[in-house]
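Trainee: Below is a structure I'd like to ask you about.
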Amino acid sequence: MAARGPGRPRFGIPCYVCGERRNIQQMRHIHGDHATEEVREISIFRRHEFNADPLVINNETRICFRCSNSIRDEIAILQANPMAMRVNGLKQTRNNTCFLCNAVGDLHRLSIECKVEVFIQCNIFFPETVRSCAQHLDRRGHLLLILLADLQSINRPYIIPGQYLQRLMQAMRDCSLQRRRIDDIEDLSDDQELVLTSFTKQ
């Protein structure tokens with residue numbers, strides 16, 4: 001059996017990005033000519049997302065195959081789709097289950113108003129297909145407020161379909177107007193309130 005290298009951890013070496021330990025055969029270099037500058041930049045960004053301390057990249061720095069493939073997929077998306085944009089997207093384990101508890105029954109696709117509320121409160125983008133159990137929703141079909149603090153996101157490129165983006169923008173505008181009306185209604189005269197109410201109902 002080959003001897004371990006000096007200073008090498010007993011149970012493999014940690015991935016620079018996610019911190020999980022792997023055998024050296026399951027790792028890729030990200031130093032020098034072994035990787036592009038773009039790979040290194042995304043690796044640094046993702047390490048920060050894992051709340052890991054800054055670490056200088058050197059000859060021994062490696063990332064696991066999973067992180068490497070994910071980073072290369074991200075680069076491919078950005079290169080192939082100029083319209084792709086980086087957002088803090090919802091972090092979920094599966095696409096065909098409840099995004100909170102992974103249940104498969106009694107699922108509801110979240111309303112556009114619910115997604116806008118989460119984006120405003122948490123700065124987390126919800127893709128169009130996200131679904132949830134009824135037990136996680138209030139009477140309006142919005143996520144229970146107590147659940148918002150536990151939502152997790154990952155910053156990565158998304159290709160947002162044009163129609164979906166248009167609906168999101170319209171819903172954000174409607175939400176902004178509604179909140180503005182509520183905040184300012186006491187400052188209006190009776191005539192101003194009548195004009196504003198008539199205008200918004202058209």
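Starting from 1 in every chain, residues are counted up; chains themselves are A, B, ... following the order of the structure tokens, and ligands are numbered from 1 as listed.
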Assign secondary structure with DSSP using the backbone only, and return the residues of range 50-162 of chain A in strand (DSSP E) as a ChimeraX atom specification.

Mentor: /A:62-64,85-90,107-109,131-133,153-158

Trainee: Those residues with N, CA and C atoms, as a compact mmCIF listing (two decimals), in the first residue's frame please?

Mentor:
```txt
# COMPACT_ATOMS: atom_id res chain seq x y z
N ARG A 62 -7.63 22.31 -4.39
CA ARG A 62 -8.44 21.49 -5.29
C ARG A 62 -9.91 21.63 -4.94
N ILE A 63 -10.75 21.29 -5.92
CA ILE A 63 -12.19 21.23 -5.68
C ILE A 63 -12.69 19.85 -6.10
N CYS A 64 -13.78 19.42 -5.48
CA CYS A 64 -14.32 18.10 -5.78
C CYS A 64 -14.97 18.08 -7.16
N MET A 85 -28.90 35.61 -16.32
CA MET A 85 -28.56 36.58 -15.29
C MET A 85 -28.35 35.88 -13.96
N ARG A 86 -27.41 36.42 -13.18
CA ARG A 86 -27.13 35.86 -11.87
C ARG A 86 -28.15 36.39 -10.86
N VAL A 87 -28.78 35.48 -10.14
CA VAL A 87 -29.69 35.87 -9.08
C VAL A 87 -29.53 34.91 -7.91
N ASN A 88 -30.03 35.32 -6.76
CA ASN A 88 -30.06 34.43 -5.60
C ASN A 88 -31.27 33.51 -5.74
N GLY A 89 -31.06 32.37 -6.36
CA GLY A 89 -32.15 31.44 -6.62
C GLY A 89 -32.42 30.54 -5.43
N LEU A 90 -33.66 30.11 -5.32
CA LEU A 90 -34.06 29.21 -4.24
C LEU A 90 -33.22 27.94 -4.27
N LEU A 107 -49.70 19.16 -3.58
CA LEU A 107 -48.77 20.24 -3.90
C LEU A 107 -49.48 21.36 -4.64
N HIS A 108 -49.05 22.58 -4.38
CA HIS A 108 -49.62 23.76 -5.02
C HIS A 108 -48.50 24.60 -5.61
N ARG A 109 -48.68 25.00 -6.86
CA ARG A 109 -47.70 25.90 -7.46
C ARG A 109 -47.90 27.28 -6.86
N ARG A 131 -43.12 24.40 -6.12
CA ARG A 131 -44.40 24.01 -5.52
C ARG A 131 -44.23 23.77 -4.02
N SER A 132 -45.37 23.85 -3.33
CA SER A 132 -45.35 23.71 -1.87
C SER A 132 -46.59 22.96 -1.40
N CYS A 133 -46.47 22.33 -0.23
CA CYS A 133 -47.63 21.73 0.43
C CYS A 133 -48.58 22.83 0.90
N SER A 153 -30.66 30.15 -0.35
CA SER A 153 -30.50 30.49 -1.77
C SER A 153 -29.09 30.18 -2.21
N ILE A 154 -28.93 30.13 -3.52
CA ILE A 154 -27.61 29.98 -4.12
C ILE A 154 -27.54 30.92 -5.32
N ASN A 155 -26.47 31.67 -5.40
CA ASN A 155 -26.32 32.63 -6.48
C ASN A 155 -25.78 31.92 -7.71
N ARG A 156 -26.58 31.87 -8.75
CA ARG A 156 -26.17 31.20 -9.98
C ARG A 156 -26.94 31.79 -11.15
N PRO A 157 -26.51 31.50 -12.37
CA PRO A 157 -27.20 32.07 -13.53
C PRO A 157 -28.53 31.39 -13.82
N TYR A 158 -29.52 32.19 -14.14
CA TYR A 158 -30.84 31.69 -14.54
C TYR A 158 -31.20 32.28 -15.89
```

Trainee: Per DSSP on the backbone, what are the alpha helix (DSSP H) residues of chain A, as a PyMOL selection string?

Mentor: chain A and resi 37-49+65-80+112-122+145-148+162-184+190-201

Trainee: List the spatial neighbours of range 134-139 of chain A as a PyMOL selection string - criterion: any atom at most 9 Å away, only C-alpha atoms, same-chain residues fewer than 4 positions off excluded.

Mentor: chain A and resi 100+106-108+143-145+147

Trainee: Show me, as a VMD selection string, the residues that have an atom within 10 Å of Gln170 in chain A when counting only C-alpha atoms, minus same-chain residues fewer than 5 positions from it.

Mentor: chain A and resid 112 to 113 116 164 to 165 175 to 176

Trainee: Take the residues just selected and output them with C-alpha atoms as a PDB file, in the first residue's frame.

Mentor:
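Produced file selection37.pdb, reproduced below:
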```
ATOM      1  CA  ILE A 112     -46.743  35.073  -8.593  1.00  0.00           C
ATOM      2  CA  GLU A 113     -47.736  37.347  -5.687  1.00  0.00           C
ATOM      3  CA  VAL A 116     -42.784  38.565  -5.292  1.00  0.00           C
ATOM      4  CA  TYR A 164     -42.505  34.882 -16.594  1.00  0.00           C
ATOM      5  CA  LEU A 165     -40.192  37.873 -16.138  1.00  0.00           C
ATOM      6  CA  CYS A 175     -47.267  45.339  -4.929  1.00  0.00           C
ATOM      7  CA  SER A 176     -45.384  48.629  -4.838  1.00  0.00           C
TER       8      SER A 176
END
```

Trainee: Please provide as a list in words all residues within 9 Å of Ile13 in chain A, with the sequence filter that same-chain residues fewer than 4 positions apart are discarded (counting only C-alpha atoms).

Mentor: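 Using only C-alpha atoms, the neighbours found are Arg8, Pro9, Gly19, Glu20, Arg21, Arg22, Asn23, Ile24, Met27 and Arg62 of chain A.
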
Trainee: From the options A:Ala52, A:Ile120, A:Val39, A:Met172, which residue's atoms come nearest to Asn69 in chain A, counting only C-alpha atoms?

Mentor: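 Between A:Ala52, A:Ile120, A:Val39, A:Met172, the residue approaching Asn69 in chain A most closely is A:Val39.
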
Trainee: Pick the closest to Arg140 in chain A from A:Gln163, A:Asn123, A:Thr36, A:Ser111: which is it, counting only C-alpha atoms?

Mentor: A:Ser111

Trainee: Please list as a short mmCIF file (atom, residue, chain, number, x, y, z; two decimals) with N, CA, C and O atoms, in the first residue's frame every residue within 8 Å of Ile57 in chain A, counting only C-alpha atoms and excluding residues in the same chain fewer than 2 positions away.

Mentor:
```
data_model
loop_
_atom_site.label_atom_id
_atom_site.label_comp_id
_atom_site.auth_asym_id
_atom_site.auth_seq_id
_atom_site.Cartn_x
_atom_site.Cartn_y
_atom_site.Cartn_z
N ILE A 30 -7.29 23.88 -9.19
CA ILE A 30 -7.82 25.15 -9.72
C ILE A 30 -6.73 26.21 -9.70
O ILE A 30 -7.01 27.40 -9.74
N HIS A 31 -5.46 25.78 -9.66
CA HIS A 31 -4.35 26.73 -9.60
C HIS A 31 -3.62 26.78 -10.94
O HIS A 31 -3.48 25.77 -11.62
N LEU A 55 -9.33 31.92 1.71
CA LEU A 55 -8.17 31.03 1.65
C LEU A 55 -7.44 31.26 0.33
O LEU A 55 -8.06 31.26 -0.74
N ASN A 59 -0.80 25.73 -5.13
CA ASN A 59 -0.62 24.48 -5.90
C ASN A 59 -1.39 23.29 -5.33
O ASN A 59 -1.69 22.34 -6.04
N GLU A 60 -1.71 23.34 -4.04
CA GLU A 60 -2.41 22.23 -3.40
C GLU A 60 -3.93 22.41 -3.38
O GLU A 60 -4.65 21.53 -2.93
N THR A 61 -4.40 23.54 -3.85
CA THR A 61 -5.84 23.82 -3.79
C THR A 61 -6.59 23.01 -4.84
O THR A 61 -6.25 23.03 -6.02
#
```

Trainee: Find the distance between CA of Ile159 in chain A and CA of Pro82 in chain A and write it in Å to one decimal.

Mentor: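 Interatomic distance, CA of Ile159 in chain A to CA of Pro82 in chain A: 9.2 Å.
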